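Heads up, upload24.cif below (mmCIF, C-alpha atoms):
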data_coords
loop_
_atom_site.group_PDB
_atom_site.id
_atom_site.type_symbol
_atom_site.label_atom_id
_atom_site.label_comp_id
_atom_site.auth_asym_id
_atom_site.auth_seq_id
_atom_site.Cartn_x
_atom_site.Cartn_y
_atom_site.Cartn_z
ATOM 1 C CA MET A 12 -81.380 -49.767 1.295
ATOM 2 C CA MET A 13 -83.448 -52.467 -0.386
ATOM 3 C CA LEU A 14 -83.923 -55.682 1.582
ATOM 4 C CA GLN A 15 -83.379 -58.941 -0.306
ATOM 5 C CA VAL A 16 -85.357 -61.914 1.010
ATOM 6 C CA ALA A 17 -85.130 -65.385 -0.569
ATOM 7 C CA VAL A 18 -87.517 -68.293 -0.049
ATOM 8 C CA LEU A 19 -85.764 -71.660 -0.354
ATOM 9 C CA SER A 20 -86.282 -75.336 0.409
ATOM 10 C CA GLY A 21 -83.962 -78.262 0.859
ATOM 11 C CA LYS A 22 -86.149 -80.374 -1.418
ATOM 12 C CA GLY A 23 -88.771 -79.764 -4.077
ATOM 13 C CA GLY A 24 -92.480 -79.931 -3.397
ATOM 14 C CA THR A 25 -92.552 -78.297 0.038
ATOM 15 C CA GLY A 26 -94.679 -75.329 -1.099
ATOM 16 C CA LYS A 27 -91.864 -72.822 -1.555
ATOM 17 C CA THR A 28 -93.456 -70.986 -4.495
ATOM 18 C CA VAL A 29 -96.849 -70.846 -2.756
ATOM 19 C CA VAL A 30 -95.164 -69.125 0.217
ATOM 20 C CA THR A 31 -93.215 -66.785 -2.069
ATOM 21 C CA ALA A 32 -96.362 -65.748 -3.942
ATOM 22 C CA ALA A 33 -98.172 -65.155 -0.657
ATOM 23 C CA LEU A 34 -95.375 -62.923 0.650
ATOM 24 C CA SER A 35 -95.294 -61.105 -2.679
ATOM 25 C CA ASP A 36 -98.991 -60.392 -2.243
ATOM 26 C CA ILE A 37 -99.044 -59.262 1.390
ATOM 27 C CA LEU A 38 -95.702 -57.752 2.422
ATOM 28 C CA PRO A 39 -95.752 -53.962 2.635
ATOM 29 C CA GLY A 40 -93.678 -51.492 0.640
ATOM 30 C CA ARG A 41 -92.605 -51.156 -2.963
ATOM 31 C CA LYS A 42 -91.479 -54.587 -4.126
ATOM 32 C CA GLY A 43 -89.674 -56.362 -6.925
ATOM 33 C CA PHE A 44 -89.541 -60.099 -7.589
ATOM 34 C CA ALA A 45 -87.083 -62.642 -8.968
ATOM 35 C CA ASP A 46 -87.658 -66.321 -9.674
ATOM 36 C CA CYS A 47 -84.274 -67.998 -9.347
ATOM 37 C CA ASP A 48 -85.732 -71.500 -9.617
ATOM 38 C CA VAL A 49 -84.804 -71.331 -13.294
ATOM 39 C CA GLU A 50 -85.439 -75.012 -14.047
ATOM 40 C CA ALA A 51 -89.071 -74.667 -12.938
ATOM 41 C CA ALA A 52 -89.882 -70.956 -12.783
ATOM 42 C CA ASN A 53 -93.460 -71.144 -11.518
ATOM 43 C CA LEU A 54 -93.793 -67.848 -9.629
ATOM 44 C CA ALA A 55 -95.104 -66.189 -12.790
ATOM 45 C CA LEU A 56 -98.052 -68.606 -12.769
ATOM 46 C CA LEU A 57 -99.295 -67.019 -9.521
ATOM 47 C CA LEU A 58 -98.429 -63.343 -10.080
ATOM 48 C CA GLY A 59 -100.111 -62.723 -13.454
ATOM 49 C CA PRO A 60 -97.105 -61.111 -15.205
ATOM 50 C CA ARG A 61 -97.295 -58.879 -18.263
ATOM 51 C CA GLU A 62 -94.186 -59.640 -20.283
ATOM 52 C CA LYS A 63 -92.061 -56.669 -21.375
ATOM 53 C CA SER A 64 -88.914 -58.080 -22.942
ATOM 54 C CA ARG A 65 -86.535 -61.036 -23.184
ATOM 55 C CA ILE A 66 -82.741 -61.155 -22.880
ATOM 56 C CA PRO A 67 -80.847 -64.079 -24.475
ATOM 57 C CA PHE A 68 -78.742 -66.049 -21.993
ATOM 58 C CA PHE A 69 -75.535 -67.670 -23.157
ATOM 59 C CA GLY A 70 -74.067 -70.277 -20.840
ATOM 60 C CA LEU A 71 -71.020 -72.455 -21.427
ATOM 61 C CA LYS A 72 -69.506 -72.363 -24.887
ATOM 62 C CA LYS A 73 -70.019 -75.465 -27.016
ATOM 63 C CA ALA A 74 -67.672 -77.205 -29.442
ATOM 64 C CA THR A 75 -68.369 -76.826 -33.158
ATOM 65 C CA VAL A 76 -66.546 -78.391 -36.095
ATOM 66 C CA GLN A 77 -65.656 -76.680 -39.375
ATOM 67 C CA LYS A 78 -66.381 -79.409 -41.892
ATOM 68 C CA GLU A 79 -64.336 -77.767 -44.641
ATOM 69 C CA ILE A 80 -61.190 -78.017 -42.461
ATOM 70 C CA CYS A 81 -61.927 -81.342 -40.721
ATOM 71 C CA GLN A 82 -59.680 -84.197 -41.885
ATOM 72 C CA GLU A 83 -62.172 -86.781 -40.560
ATOM 73 C CA CYS A 84 -59.406 -88.515 -38.595
ATOM 74 C CA GLY A 85 -61.765 -89.324 -35.700
ATOM 75 C CA LEU A 86 -59.311 -88.442 -32.915
ATOM 76 C CA CYS A 87 -61.899 -86.155 -31.317
ATOM 77 C CA THR A 88 -64.390 -88.978 -30.853
ATOM 78 C CA GLY A 89 -61.907 -90.891 -28.707
ATOM 79 C CA VAL A 90 -61.138 -88.038 -26.316
ATOM 80 C CA CYS A 91 -64.709 -86.864 -25.663
ATOM 81 C CA HIS A 92 -65.808 -88.357 -22.327
ATOM 82 C CA PHE A 93 -69.384 -87.109 -22.759
ATOM 83 C CA GLY A 94 -70.250 -88.938 -25.952
ATOM 84 C CA ALA A 95 -70.946 -85.661 -27.718
ATOM 85 C CA ILE A 96 -68.897 -86.354 -30.863
ATOM 86 C CA ARG A 97 -69.857 -88.944 -33.437
ATOM 87 C CA GLN A 98 -68.474 -89.997 -36.788
ATOM 88 C CA ASP A 99 -70.854 -91.507 -39.315
ATOM 89 C CA PRO A 100 -69.887 -94.306 -41.763
ATOM 90 C CA SER A 101 -68.920 -91.745 -44.399
ATOM 91 C CA GLY A 102 -66.450 -90.130 -41.968
ATOM 92 C CA ILE A 103 -68.386 -86.911 -41.239
ATOM 93 C CA ILE A 104 -67.945 -85.594 -37.685
ATOM 94 C CA THR A 105 -70.941 -84.142 -35.798
ATOM 95 C CA ILE A 106 -71.094 -82.640 -32.298
ATOM 96 C CA ASP A 107 -74.244 -82.845 -30.163
ATOM 97 C CA PRO A 108 -74.597 -79.499 -28.311
ATOM 98 C CA ILE A 109 -76.817 -81.076 -25.640
ATOM 99 C CA ARG A 110 -74.114 -83.575 -24.649
ATOM 100 C CA CYS A 111 -71.177 -81.164 -25.099
ATOM 101 C CA GLU A 112 -69.813 -79.739 -21.824
ATOM 102 C CA GLY A 113 -67.471 -77.219 -23.459
ATOM 103 C CA CYS A 114 -64.335 -78.753 -21.925
ATOM 104 C CA ALA A 115 -62.279 -78.072 -25.114
ATOM 105 C CA VAL A 116 -60.355 -81.374 -24.993
ATOM 106 C CA CYS A 117 -61.510 -82.134 -28.546
ATOM 107 C CA ARG A 118 -60.208 -78.776 -29.737
ATOM 108 C CA GLU A 119 -56.794 -79.490 -28.280
ATOM 109 C CA ALA A 120 -56.728 -82.988 -29.799
ATOM 110 C CA CYS A 121 -57.712 -81.896 -33.335
ATOM 111 C CA PRO A 122 -54.573 -81.880 -35.553
ATOM 112 C CA ALA A 123 -56.295 -79.736 -38.214
ATOM 113 C CA GLY A 124 -57.601 -77.039 -35.847
ATOM 114 C CA ALA A 125 -61.105 -77.703 -37.142
ATOM 115 C CA ILE A 126 -62.819 -77.528 -33.729
ATOM 116 C CA SER A 127 -63.558 -74.301 -31.875
ATOM 117 C CA LEU A 128 -65.741 -73.225 -28.956
ATOM 118 C CA SER A 129 -68.705 -71.022 -29.842
ATOM 119 C CA ASP A 130 -71.377 -69.153 -27.909
ATOM 120 C CA HIS A 131 -74.490 -71.235 -27.321
ATOM 121 C CA GLN A 132 -77.814 -69.796 -26.171
ATOM 122 C CA ASN A 133 -79.152 -71.766 -23.195
ATOM 123 C CA GLY A 134 -82.309 -69.798 -22.591
ATOM 124 C CA GLU A 135 -83.818 -66.383 -21.991
ATOM 125 C CA ILE A 136 -84.247 -63.998 -19.067
ATOM 126 C CA ILE A 137 -87.753 -62.553 -19.040
ATOM 127 C CA LEU A 138 -88.699 -59.113 -17.719
ATOM 128 C CA ALA A 139 -92.336 -58.565 -16.766
ATOM 129 C CA ASP A 140 -94.625 -56.307 -14.760
ATOM 130 C CA THR A 141 -97.087 -57.490 -12.112
ATOM 131 C CA ASP A 142 -99.694 -55.652 -10.050
ATOM 132 C CA HIS A 143 -97.182 -55.401 -7.182
ATOM 133 C CA GLY A 144 -93.928 -54.696 -9.043
ATOM 134 C CA PRO A 145 -91.453 -55.980 -11.643
ATOM 135 C CA LEU A 146 -90.768 -59.714 -11.987
ATOM 136 C CA VAL A 147 -87.668 -61.272 -13.541
ATOM 137 C CA TYR A 148 -87.428 -64.981 -14.320
ATOM 138 C CA ALA A 149 -85.824 -67.324 -16.832
ATOM 139 C CA GLU A 150 -86.727 -70.060 -19.283
ATOM 140 C CA LEU A 151 -84.140 -72.687 -20.135
ATOM 141 C CA HIS A 152 -84.065 -74.282 -23.556
ATOM 142 C CA PRO A 153 -84.750 -78.049 -23.628
ATOM 143 C CA GLY A 154 -81.624 -79.976 -22.633
ATOM 144 C CA SER A 155 -79.915 -76.945 -21.078
ATOM 145 C CA GLY A 156 -78.670 -77.311 -17.520
ATOM 146 C CA ASN A 157 -79.257 -74.958 -14.607
ATOM 147 C CA SER A 158 -76.301 -72.952 -13.355
ATOM 148 C CA GLY A 159 -75.312 -70.485 -10.694
ATOM 149 C CA LEU A 160 -74.348 -68.131 -13.529
ATOM 150 C CA LEU A 161 -77.934 -67.948 -14.793
ATOM 151 C CA VAL A 162 -79.229 -67.393 -11.254
ATOM 152 C CA HIS A 163 -76.676 -64.599 -10.839
ATOM 153 C CA GLU A 164 -77.853 -62.981 -14.082
ATOM 154 C CA VAL A 165 -81.524 -63.210 -13.047
ATOM 155 C CA LYS A 166 -80.709 -61.546 -9.717
ATOM 156 C CA LYS A 167 -78.614 -58.862 -11.405
ATOM 157 C CA VAL A 168 -81.422 -57.939 -13.796
ATOM 158 C CA ALA A 169 -83.989 -58.060 -10.968
ATOM 159 C CA LEU A 170 -81.893 -55.700 -8.833
ATOM 160 C CA LYS A 171 -81.699 -53.257 -11.722
ATOM 161 C CA GLU A 172 -85.431 -53.491 -12.420
ATOM 162 C CA SER A 173 -86.225 -53.061 -8.703
ATOM 163 C CA ASP A 174 -83.863 -50.142 -8.116
ATOM 164 C CA GLY A 175 -85.323 -47.714 -5.593
ATOM 165 C CA ARG A 176 -87.798 -50.213 -4.151
ATOM 166 C CA ASP A 177 -87.968 -51.400 -0.548
ATOM 167 C CA LEU A 178 -87.891 -55.155 -0.990
ATOM 168 C CA LEU A 179 -86.727 -57.799 -3.479
ATOM 169 C CA ILE A 180 -88.476 -61.138 -2.928
ATOM 170 C CA ILE A 181 -86.679 -64.120 -4.472
ATOM 171 C CA ASP A 182 -88.175 -67.530 -5.189
ATOM 172 C CA GLY A 183 -85.069 -69.694 -4.860
ATOM 173 C CA PRO A 184 -84.240 -73.135 -6.232
ATOM 174 C CA PRO A 185 -84.540 -76.290 -4.128
ATOM 175 C CA GLY A 186 -81.549 -78.264 -2.881
ATOM 176 C CA ILE A 187 -78.072 -77.114 -1.861
ATOM 177 C CA GLY A 188 -76.229 -76.867 -5.188
ATOM 178 C CA CYS A 189 -74.562 -74.024 -7.046
ATOM 179 C CA PRO A 190 -77.854 -72.234 -7.924
ATOM 180 C CA VAL A 191 -78.768 -72.144 -4.224
ATOM 181 C CA ILE A 192 -75.365 -70.731 -3.292
ATOM 182 C CA SER A 193 -75.761 -68.071 -5.985
ATOM 183 C CA THR A 194 -79.209 -67.225 -4.588
ATOM 184 C CA LEU A 195 -77.897 -66.908 -1.019
ATOM 185 C CA SER A 196 -75.086 -64.580 -2.039
ATOM 186 C CA GLY A 197 -75.728 -60.966 -1.085
ATOM 187 C CA ILE A 198 -79.210 -61.392 0.415
ATOM 188 C CA ASN A 199 -80.376 -60.167 3.824
ATOM 189 C CA ALA A 200 -82.657 -63.012 4.859
ATOM 190 C CA ALA A 201 -83.595 -66.547 3.870
ATOM 191 C CA ILE A 202 -86.857 -68.335 4.614
ATOM 192 C CA PHE A 203 -86.552 -72.119 4.548
ATOM 193 C CA VAL A 204 -89.835 -73.841 3.725
ATOM 194 C CA THR A 205 -90.013 -77.415 4.935
ATOM 195 C CA GLU A 206 -92.650 -80.003 5.766
ATOM 196 C CA PRO A 207 -93.012 -82.679 8.460
ATOM 197 C CA GLY A 208 -91.241 -85.629 6.885
ATOM 198 C CA ILE A 209 -87.929 -87.452 7.198
ATOM 199 C CA ALA A 210 -86.648 -86.363 3.755
ATOM 200 C CA ALA A 211 -87.633 -82.723 4.294
ATOM 201 C CA LEU A 212 -85.945 -82.583 7.708
ATOM 202 C CA HIS A 213 -82.801 -84.210 6.319
ATOM 203 C CA ASP A 214 -82.609 -81.672 3.485
ATOM 204 C CA LEU A 215 -83.406 -78.777 5.824
ATOM 205 C CA ARG A 216 -80.378 -79.762 7.905
ATOM 206 C CA ARG A 217 -78.188 -79.640 4.787
ATOM 207 C CA LEU A 218 -79.614 -76.290 3.672
ATOM 208 C CA VAL A 219 -79.033 -74.755 7.102
ATOM 209 C CA ALA A 220 -75.432 -76.015 7.022
ATOM 210 C CA VAL A 221 -74.848 -74.427 3.601
ATOM 211 C CA SER A 222 -76.429 -71.107 4.584
ATOM 212 C CA ALA A 223 -74.248 -70.893 7.702
ATOM 213 C CA GLY A 224 -71.423 -69.669 5.486
ATOM 214 C CA PHE A 225 -73.363 -66.504 4.579
ATOM 215 C CA SER A 226 -74.076 -63.365 6.559
ATOM 216 C CA LEU A 227 -77.874 -63.431 6.624
ATOM 217 C CA SER A 228 -80.875 -63.967 8.879
ATOM 218 C CA SER A 229 -82.552 -67.369 8.624
ATOM 219 C CA PHE A 230 -86.165 -68.304 9.324
ATOM 220 C CA VAL A 231 -88.170 -71.504 8.947
ATOM 221 C CA VAL A 232 -91.750 -72.067 7.847
ATOM 222 C CA ILE A 233 -93.287 -75.538 8.295
ATOM 223 C CA ASN A 234 -95.861 -76.213 5.592
ATOM 224 C CA ARG A 235 -98.661 -78.780 6.065
ATOM 225 C CA ALA A 236 -97.505 -78.909 9.684
ATOM 226 C CA ASP A 237 -100.596 -80.703 10.972
ATOM 227 C CA LEU A 238 -100.089 -83.778 8.751
ATOM 228 C CA HIS A 239 -97.424 -85.152 11.128
ATOM 229 C CA PRO A 240 -97.237 -83.182 14.400
ATOM 230 C CA GLY A 241 -94.413 -85.429 15.652
ATOM 231 C CA PHE A 242 -92.082 -84.540 12.798
ATOM 232 C CA ALA A 243 -93.169 -80.904 13.003
ATOM 233 C CA LYS A 244 -92.036 -80.923 16.653
ATOM 234 C CA GLU A 245 -88.729 -82.499 15.603
ATOM 235 C CA ILE A 246 -88.182 -79.678 13.114
ATOM 236 C CA GLU A 247 -88.928 -77.107 15.808
ATOM 237 C CA LEU A 248 -86.396 -78.747 18.156
ATOM 238 C CA PHE A 249 -83.758 -78.683 15.413
ATOM 239 C CA CYS A 250 -84.460 -75.004 14.730
ATOM 240 C CA LYS A 251 -84.241 -74.194 18.440
ATOM 241 C CA GLU A 252 -80.889 -75.963 18.595
ATOM 242 C CA LYS A 253 -79.617 -73.874 15.654
ATOM 243 C CA GLY A 254 -81.164 -70.614 16.899
ATOM 244 C CA ILE A 255 -83.417 -70.264 13.856
ATOM 245 C CA PRO A 256 -86.887 -68.779 14.484
ATOM 246 C CA VAL A 257 -89.858 -70.799 13.243
ATOM 247 C CA ILE A 258 -92.080 -67.948 12.036
ATOM 248 C CA GLY A 259 -95.032 -70.058 10.973
ATOM 249 C CA LYS A 260 -96.738 -73.429 10.755
ATOM 250 C CA ILE A 261 -99.128 -73.593 7.807
ATOM 251 C CA PRO A 262 -101.924 -76.186 8.119
ATOM 252 C CA PHE A 263 -102.874 -78.462 5.255
ATOM 253 C CA ASP A 264 -105.600 -76.605 3.374
ATOM 254 C CA PRO A 265 -107.329 -77.678 0.120
ATOM 255 C CA THR A 266 -107.859 -73.985 -0.683
ATOM 256 C CA VAL A 267 -104.126 -73.778 -1.452
ATOM 257 C CA ILE A 268 -104.573 -76.297 -4.263
ATOM 258 C CA GLU A 269 -107.613 -74.414 -5.563
ATOM 259 C CA SER A 270 -105.756 -71.087 -5.605
ATOM 260 C CA VAL A 271 -102.826 -72.619 -7.507
ATOM 261 C CA ARG A 272 -105.247 -74.008 -10.086
ATOM 262 C CA GLU A 273 -106.744 -70.543 -10.440
ATOM 263 C CA GLY A 274 -103.286 -68.932 -10.727
ATOM 264 C CA VAL A 275 -103.592 -66.583 -7.738
ATOM 265 C CA PRO A 276 -101.817 -66.317 -4.361
ATOM 266 C CA VAL A 277 -103.720 -68.154 -1.635
ATOM 267 C CA THR A 278 -103.677 -64.960 0.468
ATOM 268 C CA ARG A 279 -106.504 -63.697 -1.771
ATOM 269 C CA ARG A 280 -108.741 -66.415 -0.330
ATOM 270 C CA GLU A 281 -110.226 -66.578 3.161
ATOM 271 C CA CYS A 282 -108.912 -69.803 4.667
ATOM 272 C CA ALA A 283 -106.704 -71.204 7.423
ATOM 273 C CA ALA A 284 -103.558 -71.265 5.272
ATOM 274 C CA SER A 285 -104.114 -67.672 4.157
ATOM 275 C CA HIS A 286 -104.552 -66.541 7.764
ATOM 276 C CA GLU A 287 -101.278 -68.170 8.841
ATOM 277 C CA LEU A 288 -99.377 -66.826 5.818
ATOM 278 C CA LYS A 289 -100.490 -63.295 6.724
ATOM 279 C CA ASN A 290 -99.174 -63.901 10.238
ATOM 280 C CA ILE A 291 -95.897 -65.167 8.745
ATOM 281 C CA GLY A 292 -95.560 -61.962 6.728
ATOM 282 C CA ARG A 293 -96.139 -59.868 9.844
ATOM 283 C CA ARG A 294 -93.642 -61.883 11.930
ATOM 284 C CA LEU A 295 -91.042 -61.725 9.169
ATOM 285 C CA MET A 296 -91.208 -57.942 8.933
ATOM 286 C CA GLU A 297 -91.050 -57.622 12.719
ATOM 287 C CA GLU A 298 -87.901 -59.787 12.774
ATOM 288 C CA LEU A 299 -86.244 -57.904 9.903
ATOM 289 C CA LEU A 300 -87.048 -54.440 11.165
ATOM 290 C CA HIS A 301 -85.716 -55.241 14.634
ATOM 291 C CA GLU A 302 -82.367 -56.530 13.392
ATOM 292 C CA PRO A 303 -79.367 -54.652 14.817
ATOM 293 C CA GLY A 304 -78.543 -51.690 12.632
ATOM 294 C CA ARG A 305 -82.024 -51.477 11.090
ATOM 295 C CA SER A 306 -84.800 -49.103 11.882
ATOM 296 C CA GLY A 307 -88.421 -49.212 10.850
#

Show how you would write the structure in this file as structure tokens.
Amino acid sequence: MMLQVAVLSGKGGTGKTVVTAALSDILPGRKGFADCDVEAANLALLLGPREKSRIPFFGLKKATVQKEICQECGLCTGVCHFGAIRQDPSGIITIDPIRCEGCAVCREACPAGAISLSDHQNGEIILADTDHGPLVYAELHPGSGNSGLLVHEVKKVALKESDGRDLLIIDGPPGIGCPVISTLSGINAAIFVTEPGIAALHDLRRLVAVSAGFSLSSFVVINRADLHPGFAKEIELFCKEKGIPVIGKIPFDPTVIESVREGVPVTRRECAASHELKNIGRRLMEELLHEPGRSG
């Protein structure tokens, strides 16, 4: 059975994608990859993908008006709470698809039946090959919002593309919202990447609370741990209290920045961060393979 491992963070900027790319580079077995951080899908920048195909993604339906039926009464403009419907001085009604939330109140209010809900393309799901296995990620169109539905679709395509492989590595979104919940659903393990700071610890606490509702193994990695040893210790105490293993403490290392600029995983460089990330990969596999009901 294929293991599904997601890398997440309670807040942006903790180094989640750097850790994901490193694990993608060093973990053993036949692997597939999914970038579920669909608002900022950066994993592709570090894995050198070769694009194969694109699948249109249609999110919420949007309201459209049939001008030949519209009586230009303006009732729809008064019921739209999102400011999506406007009437110009000549009486013509227009609907802004970026503002429209697809609630259909305007359709119900229209006495002429001139408004309907239509499919609206929000972005594309991209299928690509990398040196280590298939990668699936998404690109949202400008103004389109992230959703758990798009994350679900990215995971579904990634599972299909990775069928028969040993491991699916997922770069998850930051935060605790619907996309994170969609990412957590059905996976075997989650790695929470945090850093020694008050905001990161606060958001780690929230992420741990959300993940407690799922049947999965949780691990923590502290990035840039040496920048504030006191906060790093506080994170370790919190993890001990919650029974979550801290499988690594990555030191601040300028080589990480250089590798990102070059578009390669830092594990292809000889440096302190690379050494610790390789240890993290080893510890992770030891933890996963020794779970009850699993054998190596």

Subject >> Given only C-alpha atoms as the counted atoms, nearest of A:Val267, A:Leu34, A:Val147, A:Ala51 to Arg280 (chain A) >> reply: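 Looking at the shortest contact to Arg280 (chain A), the residue is A:Val267.
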
Subject >> Residues within 7 Å of Ala32 (chain A), all atoms listed in the file, excluding chain neighbours under 2 positions, as JSON, numbers by chain >> reply: {"A": [28, 29, 30, 34, 35, 36, 54, 57, 58, 276]}

I'd like the residues picked by the PyMOL selection byres ((chain A and resi 288-290) around 9) written out as a PDB file with C-alpha atoms, in the coordinates of the input, using the chain letters and numbers from the file.
ATOM      1  CA  VAL A  30     -95.164 -69.125   0.217  1.00  0.00           C
ATOM      2  CA  ALA A  33     -98.172 -65.155  -0.657  1.00  0.00           C
ATOM      3  CA  LEU A  34     -95.375 -62.923   0.650  1.00  0.00           C
ATOM      4  CA  ILE A  37     -99.044 -59.262   1.390  1.00  0.00           C
ATOM      5  CA  LEU A  38     -95.702 -57.752   2.422  1.00  0.00           C
ATOM      6  CA  ILE A 258     -92.080 -67.948  12.036  1.00  0.00           C
ATOM      7  CA  GLY A 259     -95.032 -70.058  10.973  1.00  0.00           C
ATOM      8  CA  LYS A 260     -96.738 -73.429  10.755  1.00  0.00           C
ATOM      9  CA  ILE A 261     -99.128 -73.593   7.807  1.00  0.00           C
ATOM     10  CA  VAL A 277    -103.720 -68.154  -1.635  1.00  0.00           C
ATOM     11  CA  THR A 278    -103.677 -64.960   0.468  1.00  0.00           C
ATOM     12  CA  ALA A 283    -106.704 -71.204   7.423  1.00  0.00           C
ATOM     13  CA  ALA A 284    -103.558 -71.265   5.272  1.00  0.00           C
ATOM     14  CA  SER A 285    -104.114 -67.672   4.157  1.00  0.00           C
ATOM     15  CA  HIS A 286    -104.552 -66.541   7.764  1.00  0.00           C
ATOM     16  CA  GLU A 287    -101.278 -68.170   8.841  1.00  0.00           C
ATOM     17  CA  ILE A 291     -95.897 -65.167   8.745  1.00  0.00           C
ATOM     18  CA  GLY A 292     -95.560 -61.962   6.728  1.00  0.00           C
ATOM     19  CA  ARG A 293     -96.139 -59.868   9.844  1.00  0.00           C
ATOM     20  CA  ARG A 294     -93.642 -61.883  11.930  1.00  0.00           C
ATOM     21  CA  LEU A 295     -91.042 -61.725   9.169  1.00  0.00           C
TER      22      LEU A 295
END

Original post:
What do you get, as JSON, numbers by chain, if you spell out every residue that the PyMOL selection byres ((chain A and resi 190-203) around 8) selects here?
Top reply: {"A": [14, 15, 16, 17, 18, 19, 20, 21, 47, 157, 158, 159, 160, 162, 163, 166, 183, 184, 185, 186, 187, 188, 189, 204, 205, 215, 221, 222, 225, 226, 227, 228, 229, 230, 231, 232]}

Subject >> Selection result for the PyMOL selection byres ((chain A and resi 169) around 10) on this file, as a ChimeraX atom specification >> reply: /A:43-46,137-138,145-148,163-168,170-174,179-181

Please produce a file of those selected residues containing C-alpha atoms, as a compact mmCIF listing (two decimals), keeping the file's coordinate frame.
# COMPACT_ATOMS: atom_id res chain seq x y z
CA GLY A 43 -89.67 -56.36 -6.92
CA PHE A 44 -89.54 -60.10 -7.59
CA ALA A 45 -87.08 -62.64 -8.97
CA ASP A 46 -87.66 -66.32 -9.67
CA ILE A 137 -87.75 -62.55 -19.04
CA LEU A 138 -88.70 -59.11 -17.72
CA PRO A 145 -91.45 -55.98 -11.64
CA LEU A 146 -90.77 -59.71 -11.99
CA VAL A 147 -87.67 -61.27 -13.54
CA TYR A 148 -87.43 -64.98 -14.32
CA HIS A 163 -76.68 -64.60 -10.84
CA GLU A 164 -77.85 -62.98 -14.08
CA VAL A 165 -81.52 -63.21 -13.05
CA LYS A 166 -80.71 -61.55 -9.72
CA LYS A 167 -78.61 -58.86 -11.40
CA VAL A 168 -81.42 -57.94 -13.80
CA LEU A 170 -81.89 -55.70 -8.83
CA LYS A 171 -81.70 -53.26 -11.72
CA GLU A 172 -85.43 -53.49 -12.42
CA SER A 173 -86.22 -53.06 -8.70
CA ASP A 174 -83.86 -50.14 -8.12
CA LEU A 179 -86.73 -57.80 -3.48
CA ILE A 180 -88.48 -61.14 -2.93
CA ILE A 181 -86.68 -64.12 -4.47

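Between CA of Pro108 (chain A) and CA of Gly85 (chain A) the interatomic distance comes to 17.8 Å.
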
Original post:
Between A:Thr31, A:Asn133, A:Thr141, A:Ser127, which has the minimum distance to Pro67 (chain A) (counting only C-alpha atoms)?
Top reply: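 Smallest separation from Pro67 (chain A) among the options: A:Asn133.
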
**OP:** Enter the distance from CA of Pro122 (chain A) to CA of Phe69 (chain A), in Å, rounded to one decimal.
**Re:**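 Taking CA of Pro122 (chain A) as the start and CA of Phe69 (chain A) as the end point, the length is 28.2 Å.
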
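For the atom pair formed by CA of Arg176 (chain A) and CA of Pro39 (chain A), the distance is 11.1 Å, given to one decimal.
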
**OP:** Considering all atoms listed in the file, return as a ChimeraX atom specification whatever protein or nucleic-acid residues lie within 8 Å of Leu161 (chain A), sequence-local ones (same chain, fewer than 5 positions apart) excluded.
**Re:** /A:49,68,70

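Candidate residues A:Lys22, A:Arg41, A:Ile126, A:Glu269 were compared for distance to Glu79 (chain A), and the nearest is A:Ile126, using all atoms listed in the file.
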
Subject >> Residue among A:Leu300, A:Cys250, A:Val275, A:Ala236 lying closest to Pro262 (chain A), counting all atoms listed in the file >> reply: A:Ala236

Original post:
Got a sec: who's within 9 Å of Thr88 (chain A), counting all atoms listed in the file, leaving out chain neighbours fewer than 4 positions off, as a PyMOL selection string?
Top reply: chain A and resi 92+94-98+104+117

For the residues selected in the previous step, produce a file with C-alpha atoms as a short mmCIF file (atom, residue, chain, number, x, y, z; two decimals), keeping the file's coordinate frame.
data_model
loop_
_atom_site.label_atom_id
_atom_site.label_comp_id
_atom_site.auth_asym_id
_atom_site.auth_seq_id
_atom_site.Cartn_x
_atom_site.Cartn_y
_atom_site.Cartn_z
CA HIS A 92 -65.81 -88.36 -22.33
CA GLY A 94 -70.25 -88.94 -25.95
CA ALA A 95 -70.95 -85.66 -27.72
CA ILE A 96 -68.90 -86.35 -30.86
CA ARG A 97 -69.86 -88.94 -33.44
CA GLN A 98 -68.47 -90.00 -36.79
CA ILE A 104 -67.94 -85.59 -37.68
CA CYS A 117 -61.51 -82.13 -28.55
#

**OP:** With all atoms listed in the file counted, which protein, DNA or RNA residues have an atom no more than 12 Å from (-94.3, -86.1, 12.3) in the file frame? Please answer as a VMD selection string.
**Re:** chain A and resid 206 to 212 233 235 to 247

Box along x, y and z, 8 Å on every side, all listed atoms of region 59-75 of chain A inside: centre and edge lengths in Å to one decimal, as lines of an AutoDock Vina configuration file.
center_x = -83.9
center_y = -66.9
center_z = -23.3
size_x = 48.4
size_y = 36.5
size_z = 35.7
